[in-house]
$ cat query_30.pdb   # PDB, C-alpha atoms
ATOM      1  CA  MET W 808     145.794  98.448 109.534
ATOM      2  CA  CYS W 809     145.008  95.428 107.347
ATOM      3  CA  SER W 810     143.413  95.944 103.943
ATOM      4  CA  VAL W 811     140.101  94.332 104.979
ATOM      5  CA  ARG W 812     139.776  96.626 107.992
ATOM      6  CA  ARG W 813     140.768  99.661 105.901
ATOM      7  CA  GLU W 814     138.075  98.719 103.369
ATOM      8  CA  ARG W 815     135.441  98.402 106.107
ATOM      9  CA  VAL W 816     136.332 101.797 107.576
ATOM     10  CA  ARG W 817     136.131 103.371 104.114
ATOM     11  CA  ARG W 818     132.708 101.802 103.507
ATOM     12  CA  GLU W 819     131.377 103.038 106.853
ATOM     13  CA  ARG W 820     132.586 106.572 106.117
ATOM     14  CA  ASP W 821     131.204 106.549 102.552
ATOM     15  CA  ILE W 822     127.829 105.168 103.593
ATOM     16  CA  ALA W 823     127.478 107.713 106.410
ATOM     17  CA  ARG W 824     128.320 110.527 103.974
ATOM     18  CA  GLU W 825     125.865 109.202 101.380
ATOM     19  CA  LEU W 826     122.976 108.891 103.789
ATOM     20  CA  GLY W 827     123.636 112.019 105.820
ATOM     21  CA  GLU W 828     123.471 112.266 109.574
ATOM     22  CA  PRO W 829     121.940 110.689 111.457
ATOM     23  CA  ALA W 830     121.714 107.614 109.298
ATOM     24  CA  LEU W 831     118.689 105.405 109.835
ATOM     25  CA  TYR W 832     120.847 102.800 111.499
ATOM     26  CA  ASP W 833     122.525 105.294 113.839
ATOM     27  CA  PRO W 834     121.971 104.267 117.491
ATOM     28  CA  ALA W 835     120.915 107.836 118.338
ATOM     29  CA  TRP W 836     118.197 107.705 115.694
ATOM     30  CA  LEU W 837     114.567 107.689 116.775
ATOM     31  CA  ASN W 838     115.155 109.459 120.065
ATOM     32  CA  GLY W 839     117.631 106.864 121.229
ATOM     33  CA  GLN W 840     115.503 103.779 120.478
ATOM     34  CA  GLY W 841     118.419 102.243 118.590
ATOM     35  CA  ARG W 842     120.793 102.828 121.478
ATOM     36  CA  ALA W 843     118.309 101.454 123.996
ATOM     37  CA  LEU W 844     117.977  98.277 121.930
ATOM     38  CA  ALA W 845     121.764  97.943 121.329
ATOM     39  CA  VAL W 846     121.605  98.474 117.566
ATOM     40  CA  ASP W 847     125.179  98.562 116.273
ATOM     41  CA  GLY W 848     125.383 101.232 113.587
ATOM     42  CA  ILE W 849     128.793 100.031 112.476
ATOM     43  CA  VAL W 850     127.455  96.559 111.669
ATOM     44  CA  MET W 851     124.547  98.143 109.770
ATOM     45  CA  ALA W 852     126.941 100.329 107.736
ATOM     46  CA  ARG W 853     129.276  97.412 107.033
ATOM     47  CA  LEU W 854     126.456  95.211 105.817
ATOM     48  CA  TYR W 855     124.965  97.872 103.573
ATOM     49  CA  GLY W 856     128.367  98.864 102.183
ATOM     50  CA  ALA W 857     129.474  95.285 101.573
ATOM     51  CA  ALA W 858     126.212  94.473  99.807
ATOM     52  CA  ARG W 859     126.427  97.586  97.630
ATOM     53  CA  GLU W 860     129.959  96.694  96.601
ATOM     54  CA  ASP W 861     129.161  92.984  96.048
ATOM     55  CA  CYS W 862     131.694  91.822  98.647
ATOM     56  CA  ASP W 863     130.088  88.472  99.465
ATOM     57  CA  ASP W 864     132.464  87.490 102.280
ATOM     58  CA  CYS W 865     132.067  90.810 104.098
ATOM     59  CA  ARG W 866     128.323  90.754 103.455
ATOM     60  CA  GLU W 867     127.901  87.283 104.930
ATOM     61  CA  ASP W 868     130.052  88.121 107.974
ATOM     62  CA  SER W 869     128.135  91.331 108.623
ATOM     63  CA  LEU W 870     124.757  89.661 108.059
ATOM     64  CA  GLU W 871     125.615  86.893 110.506
ATOM     65  CA  GLN W 872     126.724  89.439 113.105
ATOM     66  CA  LEU W 873     123.652  91.636 112.548
ATOM     67  CA  CYS W 874     121.230  88.714 112.936
ATOM     68  CA  ARG W 875     122.525  87.887 116.418
ATOM     69  CA  ASN W 876     120.503  90.836 117.722
ATOM     70  CA  PRO W 877     116.766  90.903 116.846
ATOM     71  CA  ALA W 878     116.768  94.688 117.317
ATOM     72  CA  GLN W 879     119.265  95.032 114.484
ATOM     73  CA  VAL W 880     117.055  92.982 112.164
ATOM     74  CA  ALA W 881     114.147  95.197 113.206
ATOM     75  CA  ALA W 882     116.240  98.302 112.484
ATOM     76  CA  LEU W 883     117.226  97.007 109.039
ATOM     77  CA  ALA W 884     113.583  96.228 108.207
ATOM     78  CA  LEU W 885     112.512  99.636 109.521
ATOM     79  CA  TRP W 886     115.182 101.303 107.394
ATOM     80  CA  ALA W 887     113.996  99.447 104.272
ATOM     81  CA  CYS W 888     110.324 100.199 104.927
ATOM     82  CA  ALA W 889     111.013 103.856 105.721
ATOM     83  CA  ARG W 890     112.963 104.295 102.482
ATOM     84  CA  VAL W 891     110.163 102.632 100.478
ATOM     85  CA  MET W 892     107.595 104.810 102.246
ATOM     86  CA  ASP W 893     109.638 107.910 101.434
ATOM     87  CA  VAL W 894     109.718 106.957  97.735
ATOM     88  CA  PHE W 895     106.142 105.726  97.265
ATOM     89  CA  ASN W 896     104.390 107.563 100.123
ATOM     90  CA  ASP W 897     103.031 104.148 101.090
ATOM     91  CA  LEU W 898     104.153 100.528 101.258
ATOM     92  CA  PRO W 899     103.259  98.797  97.984
ATOM     93  CA  VAL W 900     100.829  95.980  98.607
ATOM     94  CA  GLU W 901     103.265  93.618  96.842
ATOM     95  CA  LEU W 902     105.811  94.266  99.591
ATOM     96  CA  LEU W 903     103.269  92.977 102.099
ATOM     97  CA  LYS W 904     102.236  89.952 100.024
ATOM     98  CA  HIS W 905     105.406  88.640  98.317
ATOM     99  CA  GLY W 906     108.868  87.586  99.401
ATOM    100  CA  ASP W 907     110.136  86.391 102.745
ATOM    101  CA  PRO W 908     107.203  85.816 105.163
ATOM    102  CA  VAL W 909     109.097  87.200 108.173
ATOM    103  CA  PHE W 910     110.020  90.389 106.327
ATOM    104  CA  ARG W 911     106.361  90.687 105.305
ATOM    105  CA  ARG W 912     105.397  90.487 109.002
ATOM    106  CA  LEU W 913     107.909  93.224 109.804
ATOM    107  CA  ALA W 914     106.655  95.363 106.910
ATOM    108  CA  GLN W 915     103.095  94.891 108.193
ATOM    109  CA  ALA W 916     104.236  95.883 111.694
ATOM    110  CA  TYR W 917     105.809  99.003 110.179
ATOM    111  CA  SER W 918     102.580  99.765 108.318
ATOM    112  CA  ASP W 919     100.506  99.261 111.471
ATOM    113  CA  SER W 920     102.919 101.436 113.446
ATOM    114  CA  THR W 921     102.683 104.319 110.974
ATOM    115  CA  PHE W 922      98.907 104.010 111.016
ATOM    116  CA  GLN W 923      98.856 104.074 114.821
ATOM    117  CA  HIS W 924     101.567 106.679 115.476
ATOM    118  CA  GLY W 925     101.537 108.690 112.246
ATOM    119  CA  PHE W 926     103.799 108.806 109.209
ATOM    120  CA  GLU W 927     106.397 111.048 110.833
ATOM    121  CA  VAL W 928     106.820 108.818 113.897
ATOM    122  CA  ARG W 929     108.885 105.724 113.228
ATOM    123  CA  GLU W 930     108.795 103.238 116.055
ATOM    124  CA  LEU W 931     111.633 100.762 116.124
ATOM    125  CA  THR W 932     110.164  99.202 119.263
ATOM    126  CA  ASP W 933     107.082  97.976 117.359
ATOM    127  CA  LEU W 934     109.210  95.992 114.899
ATOM    128  CA  HIS W 935     111.518  94.837 117.682
ATOM    129  CA  GLU W 936     108.571  93.289 119.541
ATOM    130  CA  VAL W 937     107.723  91.266 116.430
ATOM    131  CA  CYS W 938     111.347  90.093 116.097
ATOM    132  CA  LEU W 939     111.451  88.990 119.733
ATOM    133  CA  ARG W 940     108.485  86.672 119.158
ATOM    134  CA  LEU W 941     110.145  84.989 116.182
ATOM    135  CA  ASP W 942     112.438  81.986 116.026
ATOM    136  CA  PRO W 943     115.978  83.429 115.742
ATOM    137  CA  ASN W 944     116.632  81.140 112.754
ATOM    138  CA  VAL W 945     114.124  83.022 110.577
ATOM    139  CA  LEU W 946     115.651  86.452 111.118
ATOM    140  CA  GLN W 947     118.412  86.093 108.520
ATOM    141  CA  PRO W 948     116.102  85.624 105.505
ATOM    142  CA  ALA W 949     114.112  88.663 106.678
ATOM    143  CA  ALA W 950     117.298  90.697 106.958
ATOM    144  CA  GLU W 951     118.360  89.544 103.493
ATOM    145  CA  ARG W 952     115.016  90.664 102.046
ATOM    146  CA  ALA W 953     115.297  94.042 103.793
ATOM    147  CA  LEU W 954     118.755  94.448 102.309
ATOM    148  CA  GLN W 955     117.438  93.489  98.861
ATOM    149  CA  VAL W 956     114.757  96.171  99.179
ATOM    150  CA  LEU W 957     117.328  98.782 100.218
ATOM    151  CA  LEU W 958     119.535  97.944  97.246
ATOM    152  CA  SER W 959     116.712  97.688  94.709
ATOM    153  CA  GLY W 960     116.759 101.288  93.598
ATOM    154  CA  PHE W 961     113.052 101.165  94.453
ATOM    155  CA  ASP W 962     112.060  99.976  91.023
ATOM    156  CA  PRO W 963     108.288  99.372  91.274
ATOM    157  CA  ALA W 964     108.773  96.219  89.184
ATOM    158  CA  LEU W 965     110.667  94.638  92.096
ATOM    159  CA  PHE W 966     107.576  94.612  94.259
ATOM    160  CA  GLY W 967     105.273  93.212  91.583
ATOM    161  CA  SER W 968     107.628  90.740  89.935
ATOM    162  CA  CYS W 969     107.811  88.061  92.580
ATOM    163  CA  PRO W 970     107.423  84.504  91.270
ATOM    164  CA  PRO W 971     104.033  82.847  91.811
ATOM    165  CA  GLY W 972     103.759  81.084  95.135
ATOM    166  CA  ASP W 973     106.522  83.210  96.688
TER     167      ASP W 973
END

$ encode --input "query_30.pdb" --output "structure tokens"
Amino acid sequence: MCSVRRERVRRERDIARELGEPALYDPAWLNGQGRALAVDGIVMARLYGAAREDCDDCREDSLEQLCRNPAQVAALALWACARVMDVFNDLPVELLKHGDPVFRRLAQAYSDSTFQHGFEVRELTDLHEVCLRLDPNVLQPAAERALQVLLSGFDPALFGSCPPGD
């Protein structure tokens, strides 16, 4: 097994252990919504692990692969929003008003979904519908913002410190 592949396998194992089972990107998560939409949990784990370890080449490869499937971008955004919601018990208004406009649309879809279905119910299909209506070229910046949110440590300053006009 080559060293790059060995590193990826180690990351996937470590991330799964850190997050517990099932991880938010697991295809069985949300009553099989991820599986039905062909979300690849391995790609999600690779991307998150590569970003956490600052492996730019692996991160870019995984991000490119993830963005080929709008459902995976939706799952990454859902994961980020769910983690923020778990920390703050709400989505900070700054998350809905600053940063990448496509991620903001996905965060708003998440907010609307929790309002409609309840906090405990997390609907991947609602975010997926938004992704399907978007130009595929705008999904990568949204995925990058979702990843930034996941890696932020949920410092409240992140959500209020966006540059003017962003």

$ closest_residue --input "query_30.pdb" --among "W:Leu902, W:Ala858, W:Leu870, W:Cys865" --to "W:Ala887" --atoms "only C-alpha atoms"
W:Leu902

$ resolve_selection --input "query_30.pdb" --expression "the PyMOL selection byres ((chain W and resi 947-954) around 9)" --output "NGL selection string"
:W and (854-855 or 858 or 870-871 or 873-874 or 879-881 or 883-888 or 906-911 or 913 or 943-946 or 955-959)

$ closest_residue --input "query_30.pdb" --among "W:Gly841, W:Pro877, W:Gly848, W:Gly856" --to "W:Arg940" --atoms "all atoms listed in the file"
W:Pro877

$ closest_residue --input "query_30.pdb" --among "W:Gln923, W:Asn896, W:Ser918, W:Thr932" --to "W:Ala878" --atoms "all atoms listed in the file"
W:Thr932

$ atom_distance --input "query_30.pdb" --atom1 "atom CA of W:Asp868" --atom2 "atom CA of W:Val850"
9.6 Å

$ atom_distance --input "query_30.pdb" --atom1 "atom CA of W:Val937" --atom2 "atom CA of W:Ala889"
16.9 Å

$ atom_distance --input "query_30.pdb" --atom1 "atom CA of W:Glu930" --atom2 "atom CA of W:Asp847"
17.0 Å

$ axis_aligned_box --input "query_30.pdb" --around "stretch 845-851 of chain W" --padding-each-side "6 Å" --output "lines of an AutoDock Vina configuration file"
center_x = 125.2
center_y = 98.9
center_z = 115.5
size_x = 19.2
size_y = 16.7
size_z = 23.6

$ closest_residue --input "query_30.pdb" --among "W:Asn876, W:Ser869, W:Ser920, W:Gln915" --to "W:Cys938" --atoms "only C-alpha atoms"
W:Asn876

$ resolve_selection --input "query_30.pdb" --expression "the PyMOL selection byres ((chain W and resi 898) around 10)" --output "list in words"
Cys888, Ala889, Arg890, Val891, Met892, Asp893, Val894, Phe895, Asn896, Asp897, Pro899, Val900, Glu901, Leu902, Leu903, Ala914, Gln915, Tyr917, Ser918 and Phe966 of chain W

$ closest_residue --input "query_30.pdb" --among "W:Gly960, W:Thr921, W:Gln840, W:Ala845" --to "W:Arg875" --atoms "all atoms listed in the file"
W:Ala845
